[in-house]
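As C-alpha cells, the structure follows; a few thoughts come after it.
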Amino acid sequence: MRRASLLALSGIFLGLPLRAAAAEPPPLPADATTPPPAGAEAPADAPPALPSGDPGAVAPPAGAEGAVSGEADGAVSGDLSGSTPPVVDAFETPTPGPAVEVPGPAAAPPSTDKQPGMVQGRREPAVNSLRGGLGLYHTTLADVGGRHTVRVRLHTDFFRKSGFIYDSSEHGADEQGRVRGTVNIGYSPFKWGELFLAVHSQASRNARAQPGRQDPVNQFALGDLDFGIKGAHRFVKGGAIGLGGQLGLGLLSGTSRLLTDKVNFNIDFLFTVDVRYLTKKQVPVRFSTNIGWILDNSGKLIDFEKFTDATSREVSRFALGVAPSRVRMRYGFDFPVRLGKEGKFGLDPIVELAWDVATAEMTAFRQEGATPSPLPRSSLWGTVGLRANVIAGLHLDAAVDIGMVSPNFEYGPPVAPWQVILGLGWSIDPNPVVKEVPAPVSNELPPAPVVVEGRVVGQVLDSTGAPVPGAKVRFPGAASNAILTDDQGNFTSYRFPEGQVAIQVELANKATKDATADIKAGEDTQITITMDVANTPPVGMLDGAFTDEAGAPILVTLSVSGQGVDEPFTSTEGGLIRLELPAGDYFAIARAPGFEDKSLRFTVAAGEQMTTVKESLRRAVPVETPLVSGKGKTLRLKKAIKYTSANGVDDKSAPLIEQLAAFLGAHPEYEEIEIGVHTDDRGAPKQRSSERADAVRSALLAKGVSPDRVTANGYGDNSPVAVNLTAAGRAKNNRTVIKVTRYKGEAAKPPKASKKKADEPAAPPP
C-alpha cells in the first residue's frame, strides 16, 4: 500500500467491444415427419402409428431404429442445457402430451458441461486482487485457482478533491490529487497453494496557498514490494466452502533511495461461500470475507516530528501512504456469470466493504473546525465494480471506491472520498483441455478376451536337491533372452502359443541341461528341472605376500569383495596369505596398524594356476593430536566433549573427535577403549548418558575407527562426583571418561618426520 513500484501507472482507460452471436436453432431436416392433427386420416404412405394413447405419435421410417432414443435425446439435451435426457421406449405407452418432432441425422449436440466454476474442462480463469492473491478488488478469495496457473494484473487508481486536507478562509482550499499503480503476479505451484508478488508506485500532488508550508507540491513514492504465500482448501459439494490463510511481507523503500528501510508483516484468515455449488440452478452468488492484522512500519521511514507545520506533516503522510498497524476486515459479494458458447465469456459484478481499525496511534493532526470521527480508529470505504473475462484469460475491469469514514486525528490520514480503479489482467493456464465425451450406453457386456497362450512356471535344483539361484533359463527357437532364477530357483517364462517349447538351463559352473514343456492355452505349465551336478562355481587359488617399505613382512587384514565374497582374511605373522576363491574379478583393501590402507584389484583364474599378489604398504605419517595424549594405559582429553540438546555430539567438539580418531589410528597399542558417559539426576539420566555415549562411538566409527576397538556405556547418575543441588555440581557430574580396556604395550614406533629444510634432499631409505 506504500511507495509502490518502479513504474508509475497513470490513468489508463481500456475498453473492448463484446459481441455475442445469437445462437440459431438447427434447421429441420427435409425428411422430418410432421404429425397430423388429431382426428385426421394419415396418408396412405404415412408410417404406421405407434401403439400409444397419443393420437399424434408417429413411428419413425424403416431403417431409422434408434432415431427416437438417440437423435431425439440429443435435441432435448441441447434444449434443456445439460438436464438429463428422457429415456424413450417404443414398446411402452407414454403419457399423452404434445407432439415432439423427431429430427433426422444431425451433428453431435454441443457440450452440456455446466459444472460450477469450470469452463471447457478447466477452472474458470481468474485474476489476483489489487495487492494480494487471487480475489476481487480488496477482498482475497479462499481459493488458489488451477494448479500451475500464472496470473498477471496491472491496475491504476486515481482521485482529485478540493479542500481535502487544507481549507482556510484566508488562503483558500487545497487541490489534492493522487495516482497509484500496481503490477501483481501470482502463481499456483500446488493444488492448495499460491505465491504472489506485487510492485507499487504512487504520485501525489497537493497545491495550496498556505504560507510557510514545509512539504513539496509533488511527492513521489519509491518502489515498494509486497510478496506472500496463500493456502486454501475448497470442500463441501466440490468446492462450495473455501477456508484459507495468507502471510505477507512488505519491503518499504525510503524517499531518497531504492533500498529497503522497513518491513511490514500481515496475516489474514480467508473464508468463501460459493452459492453456485449449493443450488440446483447454480445461482451465481459468492460471498467472501478476510479478517487479519498488519504490522505497519511505514511511519518509521522518515522523521515526521521534524514538521512544525501539522498540515505539511499530514499531507506528506497521505502522499507517502503512511498508516498505523491495524486490523483489516474485508467483505465482498460478487455475481460471476458465464456467457456464450460453453461459457467462454464472463461478467462479474462486485460489491465490497473494507474496514480498517487502527491498533497503534500516530502523531495527532487536528485542523481548525474539524469534527471528530464517528468511529475514531476506523477507516471505512465501499467498492462497486464490474470485471469482464472477454476472451480466454484476458480480464478488463473498472470500479469506484467510495469513502465513508476517515479515522480520527491521531489514527491515520483521511480516506479518499472517491477514486476510480481501472485494471487489466491475464490468467494463463498451461494445462491441456480434456473434454469428456459421453460413451454410448449399451446393455451388452464386452466379449471376454480369448486367451490362446500359456506360460512355463518352474524351479531349478542341483544334484543335491538345493535350489539354484541365478541359473540362466533359455527357450531356444522361441525367445532370445534368458531368464534368471530367483533365490529359491523359481522362474516364470514368457507367454508362448499352445504346443511344445524347448528349455535349456545353464548353471554358474557352465553345466547345462535340456528339457521340454507342453504349453496349454490359458494355463501355467509346472515343471521342475534337476541338474546332474551340484551348482559349484569354478575356483582358483590366490597367493599373497605383504611387506613394509623396507621389505620386512607385516601382518595384514585383507578385506576381499567380489563373486559373492565379502569378508576380511588375516595373513600370517610373516605377511603371507593363501585363499581359495571362486574364479573371477575381485577388489581388496590391505590394512595393518600404523600403515596406510592399500587398495588392489586381482583376477582369480579357474584351475590349478596360482594367482600371485605381492604388495608393499607405506607407514602412516603421525598425525598431530594436541587435544589427545596417551601414556601407558591412560588416555587424556584436553577438552570436555560437548553435546547438543538431542544428546548428539556438538559441532564444537568435532576437532576433538577427529583427533581422538587419528590418535587411535596411529597407536594400535590401544586395542580397545570404553566411552563412559555420566550425567546429573535430571530427566532420564540413564537414557541421556547412553545416547551420548553411542553418539561419540558413532562419530569415531565414522572417522574410520574399527568397531572392535570402541565400546560405549551410559552410567547415568550412578557415580556422582559432586552434589546435584547446584549448577556447578551438576556441571561436574555431566562428564565423559575415556577408559583403556585393552592395551598391548609399546608398538613399533614409526620413523620420525625429517627436520631438514625444505630445499635439502631427503636421505634415501635404509
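Numbering starts fresh at 1 for the residues of each chain in the C-alpha cells, the chains themselves are lettered A, B, ... in the order given, and ligands are numbered from 1 as they appear.
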
- Message: Which residues are close to Arg180 in chain A, i.e. within 6 Å by only C-alpha atoms, leaving aside same-chain residues fewer than 5 positions away? Reply as a VMD selection string.
- Response: chain A and resid 156 to 157 201 to 202

- Considering only C-alpha atoms, return as a PyMOL selection string whatever protein or nucleic-acid residues lie within 7 Å of range 586-592 of chain A, sequence-local ones (same chain, fewer than 5 positions apart) excluded. chain A and resi 555-562+597-603

Expected file: the selected residues, N, CA and C atoms, as a PDB file, in the first residue's frame:
ATOM      1  N   LEU A 555      51.999 -58.293   9.292  1.00  0.00           N
ATOM      2  CA  LEU A 555      50.696 -58.954   9.395  1.00  0.00           C
ATOM      3  C   LEU A 555      49.624 -57.985   8.896  1.00  0.00           C
ATOM      4  N   VAL A 556      48.776 -58.426   7.958  1.00  0.00           N
ATOM      5  CA  VAL A 556      47.747 -57.564   7.385  1.00  0.00           C
ATOM      6  C   VAL A 556      46.393 -58.260   7.481  1.00  0.00           C
ATOM      7  N   THR A 557      45.367 -57.422   7.387  1.00  0.00           N
ATOM      8  CA  THR A 557      43.991 -57.910   7.222  1.00  0.00           C
ATOM      9  C   THR A 557      43.553 -57.537   5.810  1.00  0.00           C
ATOM     10  N   LEU A 558      43.195 -58.556   4.998  1.00  0.00           N
ATOM     11  CA  LEU A 558      42.818 -58.340   3.605  1.00  0.00           C
ATOM     12  C   LEU A 558      41.302 -58.492   3.487  1.00  0.00           C
ATOM     13  N   SER A 559      40.601 -57.361   3.226  1.00  0.00           N
ATOM     14  CA  SER A 559      39.142 -57.375   3.037  1.00  0.00           C
ATOM     15  C   SER A 559      38.849 -57.578   1.559  1.00  0.00           C
ATOM     16  N   VAL A 560      38.264 -58.743   1.209  1.00  0.00           N
ATOM     17  CA  VAL A 560      38.051 -59.149  -0.179  1.00  0.00           C
ATOM     18  C   VAL A 560      36.567 -59.055  -0.499  1.00  0.00           C
ATOM     19  N   SER A 561      36.223 -58.497  -1.673  1.00  0.00           N
ATOM     20  CA  SER A 561      34.839 -58.438  -2.138  1.00  0.00           C
ATOM     21  C   SER A 561      34.787 -58.761  -3.619  1.00  0.00           C
ATOM     22  N   GLY A 562      33.756 -59.547  -4.006  1.00  0.00           N
ATOM     23  CA  GLY A 562      33.560 -59.936  -5.394  1.00  0.00           C
ATOM     24  C   GLY A 562      33.152 -61.384  -5.505  1.00  0.00           C
ATOM     25  N   ASP A 597      46.236 -47.657   4.276  1.00  0.00           N
ATOM     26  CA  ASP A 597      45.494 -48.703   3.582  1.00  0.00           C
ATOM     27  C   ASP A 597      45.977 -48.831   2.145  1.00  0.00           C
ATOM     28  N   LYS A 598      45.975 -50.053   1.629  1.00  0.00           N
ATOM     29  CA  LYS A 598      46.400 -50.330   0.260  1.00  0.00           C
ATOM     30  C   LYS A 598      45.258 -50.997  -0.490  1.00  0.00           C
ATOM     31  N   SER A 599      44.796 -50.369  -1.602  1.00  0.00           N
ATOM     32  CA  SER A 599      43.724 -50.931  -2.429  1.00  0.00           C
ATOM     33  C   SER A 599      44.345 -51.693  -3.588  1.00  0.00           C
ATOM     34  N   LEU A 600      43.753 -52.815  -3.948  1.00  0.00           N
ATOM     35  CA  LEU A 600      44.267 -53.604  -5.059  1.00  0.00           C
ATOM     36  C   LEU A 600      43.137 -54.364  -5.728  1.00  0.00           C
ATOM     37  N   ARG A 601      43.339 -54.682  -6.982  1.00  0.00           N
ATOM     38  CA  ARG A 601      42.411 -55.487  -7.768  1.00  0.00           C
ATOM     39  C   ARG A 601      43.170 -56.678  -8.342  1.00  0.00           C
ATOM     40  N   PHE A 602      42.510 -57.825  -8.428  1.00  0.00           N
ATOM     41  CA  PHE A 602      43.139 -59.016  -8.982  1.00  0.00           C
ATOM     42  C   PHE A 602      42.065 -59.922  -9.558  1.00  0.00           C
ATOM     43  N   THR A 603      42.476 -60.840 -10.394  1.00  0.00           N
ATOM     44  CA  THR A 603      41.581 -61.804 -11.036  1.00  0.00           C
ATOM     45  C   THR A 603      42.050 -63.207 -10.704  1.00  0.00           C
TER      46      THR A 603
END

- range 586-656 of chain A: residues DSSP assigns to strand (DSSP E or B), reported as number ranges by chain: A: 586-591, 595, 598-604, 610-616, 619, 628-631, 634-637, 643, 649

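As for CA of Leu130 in chain A and CA of Ala358 in chain A, they are spaced 21.2 Å apart.
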
- Message: Which residues are near Gly163 in chain A? Cut-off 7 Å, only C-alpha atoms, ignore same chain within fewer than 5 positions. Put them as a PyMOL selection string.
- Response: chain A and resi 173-175

Write out the residues from the selection above, keeping N, CA and C atoms, as a compact mmCIF listing (two decimals), in the first residue's frame.
# COMPACT_ATOMS: atom_id res chain seq x y z
N ALA A 173 -8.69 26.77 -0.31
CA ALA A 173 -8.61 25.32 -0.12
C ALA A 173 -7.50 24.72 -0.99
N ASP A 174 -7.04 23.55 -0.55
CA ASP A 174 -6.02 22.86 -1.35
C ASP A 174 -6.68 22.10 -2.49
N GLU A 175 -5.84 21.72 -3.47
CA GLU A 175 -6.26 20.86 -4.59
C GLU A 175 -5.42 19.58 -4.48

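Shortest separation to Ile554 in chain A among A:Glu615, A:Gly343, A:Ser645, A:Ala521 occurs at residue A:Glu615, atoms counted being only C-alpha atoms.
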
- With distances taken over only C-alpha atoms, which of A:Pro417, A:Thr492, A:Asn290, A:Leu422 is nearest to Ala398 in chain A? A:Leu422

- Neighbour list for Lys638 in chain A as a count of residues only, cut-off 9 Å, only C-alpha atoms, skip fewer than 5 positions in-chain: 5

- Task: Would you work out the distance separating CA of Arg205 in chain A from CA of Leu249 in chain A, expressed in Å to one decimal?
- Result: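 Straight-line distance from CA of Arg205 in chain A to CA of Leu249 in chain A works out to 28.0 Å.
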
- Message: My list of candidates is A:Gly575, A:Lys631, A:Glu608, A:Ser373. Which is closest to Met404 in chain A when distances are computed with only C-alpha atoms?
- Response: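 Selected residue with least distance to Met404 in chain A: A:Ser373.
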
- Query: Between A:Val737, A:Ala662, A:Glu342, A:Ile675, which is the closest to Arg636 in chain A once you count only C-alpha atoms?
  - Reply: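 Residue with the minimum atom-to-atom distance to Arg636 in chain A: A:Val737.
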
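Going from CA of Asp429 in chain A over to CA of Asn389 in chain A, you cover 14.2 Å.
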
- What lies within 6 Å of Gly458 in chain A using only C-alpha atoms, ignoring chain neighbours under 2 positions off, as a PyMOL selection string? chain A and resi 490-491+526-528

With only C-alpha atoms as the counted atoms, please give the residues lying no more than 8 Å from Asp681 in chain A, apart from itself and same-chain residues fewer than 6 positions off, as an mmCIF file with N, CA and C atoms, in the first residue's frame.
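Output file part05.cif is given in full below:
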data_model
loop_
_atom_site.group_PDB
_atom_site.id
_atom_site.type_symbol
_atom_site.label_atom_id
_atom_site.label_comp_id
_atom_site.auth_asym_id
_atom_site.auth_seq_id
_atom_site.Cartn_x
_atom_site.Cartn_y
_atom_site.Cartn_z
ATOM 1 N N GLY A 716 24.535 -42.991 33.626
ATOM 2 C CA GLY A 716 23.521 -42.160 34.239
ATOM 3 C C GLY A 716 24.070 -41.368 35.397
ATOM 4 N N ASP A 717 23.326 -41.331 36.502
ATOM 5 C CA ASP A 717 23.746 -40.571 37.684
ATOM 6 C C ASP A 717 24.236 -41.492 38.800
ATOM 7 N N ASN A 724 24.205 -32.629 43.288
ATOM 8 C CA ASN A 724 23.378 -32.174 42.169
ATOM 9 C C ASN A 724 22.481 -30.991 42.522
#
